[in-house]
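K.L.:
Would you mind keeping the following structure in view while I ask a few things?
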Amino acid sequence: MTTTDQKPGSVRYVTYGCKANQYDTQVLREALGRRGLAEVDRGADLVVVNTCTVTAEAGRKARQLIRRIHRETPKTRIAVTGCLAESEPEVLRELPGVDWVLGNGDAKRPVQFLRQLGWEADPEELGIPAGITAFAGHTRAFVKIQDGCDKACAFCIIPSTRGRSTSRPAAELAAEITALVESGHVEVVLCGIHIGHWGLDLGQSLADLLEVLVALEPRGADGQPLAYRLRLSSIEATEVCDRIVALIAARPERLAPHLHMPMQSGADRVLERMNRWYSVEEYLAACDRIRSQLDRPAFTADILVGFPGESAADFDRTLETARRAGFTKVHVFPFSARPGTAAWDLPDRVDPQAVRERRAALSELAHELGNAYQQSLVGAQETVVLEGFAGLCGRYQRVRVDPERLAGMPATVDVTLELHSSEGVERRELWGVPR
Ligand code: SF4
């Protein structure tokens, strides 16, 4: 273990996993930056590896990276944090070169983190605000509004690594988002682990928070109001209440008409084994209710294939449900058994070849549904948040813009959508014609 008089002078960050993890890294980046650590791409005294443990593959990649860092630069000190540091601290401590294993509790409180690294300082002295002031290198910023989860899905390790749901106060989030917009971030993605449960511990609801956040009044240096867009990162379909839908319907330019609603399976039998709390019909009813109140909303989803006991007939039902839901994009995850979850002990593991085939079939369907959605957007008017000469529109489509039609390098551009075929590109692409 490193002693307190050997403090590093430079740092590099490597982040795996979800948006909440990326936010946690940014919190550390700002805290360590205030302490004078220079961020560098190579040759850092310290590498902070913020890990994920949601799949076995995520853990394997992090361990592989740590071994490589130590092999190539044995003097580099390594601090491992994040969910893997919670679920496998002993394994990580044994890896050569690892000086610190800091769980989510330490990582969430940067002052604690700094103390572990050898700085004795109080938060006042460090000037660490509750949150972040920038999102390095991006037009879009992620803001974590809550952490943890009170559910117990059979495949998920997260409740044991991040604890119960805790919400950040609305006033703190309002101040953080205002500052981010005023520093140039034109889109803010509201993320967390189970954001539909925001406020349960505060006697409030996510709709209460969103009402506050859509009404912020950030101002530029010239005192003029600044436009901004909020996007929900991932929310359970059953938790998208009518108040949230009404907020999107009233101000789609402010709250993006895009909902990422994890479905996980389209077969009731599998949902029950997964310990999910809704039926297929309830999920589809939520989609229908939302769609009836919004103009061409984008529905994206996570679907897990090959959960223990998933039969070929169950998978066919998943395909049918995905089609009925009309997803515009699907993240397909093959089941990954994680020790400590209920699914770890479940019998009837699915043959790996069948999992591969199901993954391919669902991806193909998602591709087909995505194409149909793109077609439906031709002629739509959208604001694109640019990173270079392409970016995301409110409906979560990547849109390209001809550089010659852009004046300078704006952060956003208002466009009318067209669909083009490009040479060498299999799928047609959305292009935005500036208005
Ligand atoms: S709702 Fe289920 S999948 Fe999502 S974080 Fe909680 S336990 Fe995991």
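Following the order of the structure tokens, first chain is A, next is B, and so on, with residues numbered from 1 inside each chain and ligands from 1 in the order they appear.
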Please, which residues have at least one atom within 12 Å of an atom of ligand 1, using only C-alpha atoms and all ligand atoms, listed as a ChimeraX atom specification?

P.N.:
/A:18,20,53-55,146-165,191-197,234-239,261-265,271,274-278,302-304,341-343

K.L.:
Apply DSSP to the backbone of this structure and, from region 18-124 of chain A, keep only the residues in alpha helix (DSSP H); write these as number ranges by chain.

P.N.:
A: 19-34, 56-72, 83-87, 89-94, 104-108, 110-116, 123-124

K.L.:
Please give the complete set of residues from region 121-312 of chain A that DSSP, run on the backbone, assigns to strand (DSSP E or B), formatted as a PDB file with N, CA, C and O atoms, in the first residue's frame.

P.N.:
```
ATOM      1  N   ARG A 140     -22.689  17.149 -24.786  1.00  0.00           N
ATOM      2  CA  ARG A 140     -23.734  16.644 -23.892  1.00  0.00           C
ATOM      3  C   ARG A 140     -23.092  16.310 -22.543  1.00  0.00           C
ATOM      4  O   ARG A 140     -22.017  15.733 -22.497  1.00  0.00           O
ATOM      5  N   ALA A 141     -23.797  16.652 -21.481  1.00  0.00           N
ATOM      6  CA  ALA A 141     -23.295  16.333 -20.140  1.00  0.00           C
ATOM      7  C   ALA A 141     -24.215  15.316 -19.488  1.00  0.00           C
ATOM      8  O   ALA A 141     -25.424  15.306 -19.760  1.00  0.00           O
ATOM      9  N   PHE A 142     -23.672  14.457 -18.659  1.00  0.00           N
ATOM     10  CA  PHE A 142     -24.480  13.520 -17.886  1.00  0.00           C
ATOM     11  C   PHE A 142     -24.559  14.033 -16.449  1.00  0.00           C
ATOM     12  O   PHE A 142     -23.545  14.422 -15.877  1.00  0.00           O
ATOM     13  N   VAL A 143     -25.744  14.006 -15.901  1.00  0.00           N
ATOM     14  CA  VAL A 143     -25.913  14.390 -14.493  1.00  0.00           C
ATOM     15  C   VAL A 143     -26.641  13.264 -13.764  1.00  0.00           C
ATOM     16  O   VAL A 143     -27.733  12.862 -14.156  1.00  0.00           O
ATOM     17  N   LYS A 144     -26.003  12.781 -12.725  1.00  0.00           N
ATOM     18  CA  LYS A 144     -26.605  11.677 -11.956  1.00  0.00           C
ATOM     19  C   LYS A 144     -27.588  12.253 -10.945  1.00  0.00           C
ATOM     20  O   LYS A 144     -27.203  13.021 -10.082  1.00  0.00           O
ATOM     21  N   GLN A 146     -29.855  10.291  -9.128  1.00  0.00           N
ATOM     22  CA  GLN A 146     -30.018   9.378  -7.990  1.00  0.00           C
ATOM     23  C   GLN A 146     -29.045   8.229  -8.163  1.00  0.00           C
ATOM     24  O   GLN A 146     -28.451   8.056  -9.220  1.00  0.00           O
ATOM     25  N   ASP A 147     -28.900   7.447  -7.121  1.00  0.00           N
ATOM     26  CA  ASP A 147     -28.031   6.271  -7.192  1.00  0.00           C
ATOM     27  C   ASP A 147     -28.746   5.124  -6.498  1.00  0.00           C
ATOM     28  O   ASP A 147     -29.647   5.347  -5.688  1.00  0.00           O
ATOM     29  N   THR A 166     -31.065   6.409  -3.500  1.00  0.00           N
ATOM     30  CA  THR A 166     -30.957   7.702  -2.816  1.00  0.00           C
ATOM     31  C   THR A 166     -30.972   8.800  -3.871  1.00  0.00           C
ATOM     32  O   THR A 166     -30.305   8.691  -4.904  1.00  0.00           O
ATOM     33  N   SER A 167     -31.717   9.855  -3.572  1.00  0.00           N
ATOM     34  CA  SER A 167     -31.922  10.924  -4.565  1.00  0.00           C
ATOM     35  C   SER A 167     -31.143  12.167  -4.180  1.00  0.00           C
ATOM     36  O   SER A 167     -31.008  12.480  -2.994  1.00  0.00           O
ATOM     37  N   GLU A 187     -27.018  19.924 -24.079  1.00  0.00           N
ATOM     38  CA  GLU A 187     -27.924  18.834 -23.700  1.00  0.00           C
ATOM     39  C   GLU A 187     -27.415  18.219 -22.396  1.00  0.00           C
ATOM     40  O   GLU A 187     -26.213  17.986 -22.226  1.00  0.00           O
ATOM     41  N   VAL A 188     -28.342  17.941 -21.498  1.00  0.00           N
ATOM     42  CA  VAL A 188     -28.002  17.289 -20.230  1.00  0.00           C
ATOM     43  C   VAL A 188     -28.823  16.012 -20.130  1.00  0.00           C
ATOM     44  O   VAL A 188     -30.050  16.035 -20.250  1.00  0.00           O
ATOM     45  N   VAL A 189     -28.131  14.895 -19.963  1.00  0.00           N
ATOM     46  CA  VAL A 189     -28.790  13.598 -19.838  1.00  0.00           C
ATOM     47  C   VAL A 189     -28.930  13.287 -18.347  1.00  0.00           C
ATOM     48  O   VAL A 189     -27.943  13.255 -17.617  1.00  0.00           O
ATOM     49  N   LEU A 190     -30.169  13.085 -17.927  1.00  0.00           N
ATOM     50  CA  LEU A 190     -30.429  12.801 -16.509  1.00  0.00           C
ATOM     51  C   LEU A 190     -30.278  11.306 -16.300  1.00  0.00           C
ATOM     52  O   LEU A 190     -31.060  10.512 -16.828  1.00  0.00           O
ATOM     53  N   CYS A 191     -29.259  10.934 -15.556  1.00  0.00           N
ATOM     54  CA  CYS A 191     -28.986   9.505 -15.428  1.00  0.00           C
ATOM     55  C   CYS A 191     -28.988   9.078 -13.968  1.00  0.00           C
ATOM     56  O   CYS A 191     -29.098   9.896 -13.057  1.00  0.00           O
ATOM     57  N   ARG A 219     -28.462  31.639 -18.265  1.00  0.00           N
ATOM     58  CA  ARG A 219     -28.206  32.845 -19.078  1.00  0.00           C
ATOM     59  C   ARG A 219     -26.763  32.856 -19.558  1.00  0.00           C
ATOM     60  O   ARG A 219     -25.864  32.394 -18.856  1.00  0.00           O
ATOM     61  N   PRO A 225     -31.170  34.524 -22.393  1.00  0.00           N
ATOM     62  CA  PRO A 225     -31.503  33.146 -22.018  1.00  0.00           C
ATOM     63  C   PRO A 225     -30.819  32.141 -22.947  1.00  0.00           C
ATOM     64  O   PRO A 225     -30.674  32.395 -24.146  1.00  0.00           O
ATOM     65  N   ARG A 229     -31.508  21.262 -23.682  1.00  0.00           N
ATOM     66  CA  ARG A 229     -32.400  20.106 -23.811  1.00  0.00           C
ATOM     67  C   ARG A 229     -32.041  19.089 -22.733  1.00  0.00           C
ATOM     68  O   ARG A 229     -30.865  18.850 -22.464  1.00  0.00           O
ATOM     69  N   LEU A 230     -33.072  18.519 -22.137  1.00  0.00           N
ATOM     70  CA  LEU A 230     -32.888  17.441 -21.167  1.00  0.00           C
ATOM     71  C   LEU A 230     -33.315  16.134 -21.809  1.00  0.00           C
ATOM     72  O   LEU A 230     -34.208  16.107 -22.650  1.00  0.00           O
ATOM     73  N   ARG A 231     -32.666  15.057 -21.383  1.00  0.00           N
ATOM     74  CA  ARG A 231     -33.042  13.735 -21.886  1.00  0.00           C
ATOM     75  C   ARG A 231     -33.009  12.766 -20.703  1.00  0.00           C
ATOM     76  O   ARG A 231     -32.096  12.835 -19.863  1.00  0.00           O
ATOM     77  N   LEU A 232     -34.001  11.911 -20.625  1.00  0.00           N
ATOM     78  CA  LEU A 232     -33.989  10.875 -19.585  1.00  0.00           C
ATOM     79  C   LEU A 232     -33.137   9.728 -20.093  1.00  0.00           C
ATOM     80  O   LEU A 232     -33.298   9.287 -21.238  1.00  0.00           O
ATOM     81  N   LEU A 255     -37.576  18.752 -23.260  1.00  0.00           N
ATOM     82  CA  LEU A 255     -37.480  17.403 -22.689  1.00  0.00           C
ATOM     83  C   LEU A 255     -37.673  16.428 -23.849  1.00  0.00           C
ATOM     84  O   LEU A 255     -38.774  16.321 -24.409  1.00  0.00           O
ATOM     85  N   HIS A 258     -37.822  11.005 -26.252  1.00  0.00           N
ATOM     86  CA  HIS A 258     -37.086   9.743 -26.374  1.00  0.00           C
ATOM     87  C   HIS A 258     -37.115   9.059 -25.026  1.00  0.00           C
ATOM     88  O   HIS A 258     -36.691   9.643 -24.020  1.00  0.00           O
ATOM     89  N   LEU A 259     -37.604   7.838 -25.000  1.00  0.00           N
ATOM     90  CA  LEU A 259     -37.666   7.093 -23.742  1.00  0.00           C
ATOM     91  C   LEU A 259     -36.958   5.763 -23.913  1.00  0.00           C
ATOM     92  O   LEU A 259     -37.335   4.967 -24.795  1.00  0.00           O
ATOM     93  N   HIS A 260     -35.954   5.573 -23.098  1.00  0.00           N
ATOM     94  CA  HIS A 260     -35.258   4.277 -23.101  1.00  0.00           C
ATOM     95  C   HIS A 260     -35.871   3.461 -21.964  1.00  0.00           C
ATOM     96  O   HIS A 260     -35.656   3.764 -20.783  1.00  0.00           O
ATOM     97  N   GLN A 264     -36.273  -6.112 -21.203  1.00  0.00           N
ATOM     98  CA  GLN A 264     -35.567  -7.328 -20.726  1.00  0.00           C
ATOM     99  C   GLN A 264     -36.075  -8.611 -21.366  1.00  0.00           C
ATOM    100  O   GLN A 264     -35.298  -9.417 -21.818  1.00  0.00           O
ATOM    101  N   ALA A 298     -39.352   8.353 -29.744  1.00  0.00           N
ATOM    102  CA  ALA A 298     -38.386   7.258 -29.936  1.00  0.00           C
ATOM    103  C   ALA A 298     -38.424   6.371 -28.699  1.00  0.00           C
ATOM    104  O   ALA A 298     -38.261   6.859 -27.579  1.00  0.00           O
ATOM    105  N   PHE A 299     -38.666   5.088 -28.923  1.00  0.00           N
ATOM    106  CA  PHE A 299     -38.621   4.113 -27.833  1.00  0.00           C
ATOM    107  C   PHE A 299     -37.410   3.214 -28.043  1.00  0.00           C
ATOM    108  O   PHE A 299     -37.335   2.482 -29.038  1.00  0.00           O
ATOM    109  N   THR A 300     -36.478   3.256 -27.129  1.00  0.00           N
ATOM    110  CA  THR A 300     -35.348   2.332 -27.192  1.00  0.00           C
ATOM    111  C   THR A 300     -35.423   1.427 -25.953  1.00  0.00           C
ATOM    112  O   THR A 300     -36.135   1.737 -24.997  1.00  0.00           O
ATOM    113  N   ALA A 301     -34.729   0.305 -26.019  1.00  0.00           N
ATOM    114  CA  ALA A 301     -34.889  -0.662 -24.915  1.00  0.00           C
ATOM    115  C   ALA A 301     -33.652  -1.534 -24.755  1.00  0.00           C
ATOM    116  O   ALA A 301     -32.862  -1.705 -25.684  1.00  0.00           O
ATOM    117  N   ASP A 302     -33.520  -2.082 -23.550  1.00  0.00           N
ATOM    118  CA  ASP A 302     -32.557  -3.164 -23.301  1.00  0.00           C
ATOM    119  C   ASP A 302     -33.349  -4.464 -23.317  1.00  0.00           C
ATOM    120  O   ASP A 302     -34.414  -4.548 -22.699  1.00  0.00           O
ATOM    121  N   ILE A 303     -32.808  -5.456 -24.001  1.00  0.00           N
ATOM    122  CA  ILE A 303     -33.426  -6.790 -23.958  1.00  0.00           C
ATOM    123  C   ILE A 303     -32.317  -7.805 -23.699  1.00  0.00           C
ATOM    124  O   ILE A 303     -31.250  -7.763 -24.326  1.00  0.00           O
ATOM    125  N   LEU A 304     -32.596  -8.685 -22.757  1.00  0.00           N
ATOM    126  CA  LEU A 304     -31.622  -9.699 -22.362  1.00  0.00           C
ATOM    127  C   LEU A 304     -32.001 -11.018 -23.036  1.00  0.00           C
ATOM    128  O   LEU A 304     -33.155 -11.453 -22.910  1.00  0.00           O
ATOM    129  N   VAL A 305     -31.097 -11.615 -23.753  1.00  0.00           N
ATOM    130  CA  VAL A 305     -31.426 -12.905 -24.394  1.00  0.00           C
ATOM    131  C   VAL A 305     -30.664 -14.032 -23.697  1.00  0.00           C
ATOM    132  O   VAL A 305     -29.563 -13.856 -23.194  1.00  0.00           O
TER     133      VAL A 305
END
```

K.L.:
List the neighbours of region 394-398 of chain A out to 8 Å using only C-alpha atoms; skip same-chain residues closer than 5 positions along the sequence, and give me the result as a count of residues only.

P.N.:
12

K.L.:
For Glu320 (chain A), which residue out of A:Leu377, A:Val181, A:Ile66, A:Leu362 is the nearest one, using only C-alpha atoms?

P.N.:
A:Leu362

K.L.:
Could you name the residues that touch region 102-106 of chain A at 6 Å or less, counting only C-alpha atoms, but leaving out those on the same chain fewer than 6 positions away, as an MDAnalysis selection string?

P.N.:
chainID A and resid 81:82 85:86 112:113

K.L.:
Counting only C-alpha atoms, which residue out of A:Val111, A:Trp344, A:Arg63, A:Arg338 sits closest to Leu92 (chain A)?

P.N.:
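Of A:Val111, A:Trp344, A:Arg63, A:Arg338, the one nearest Leu92 (chain A) is A:Arg63, counting only C-alpha atoms.
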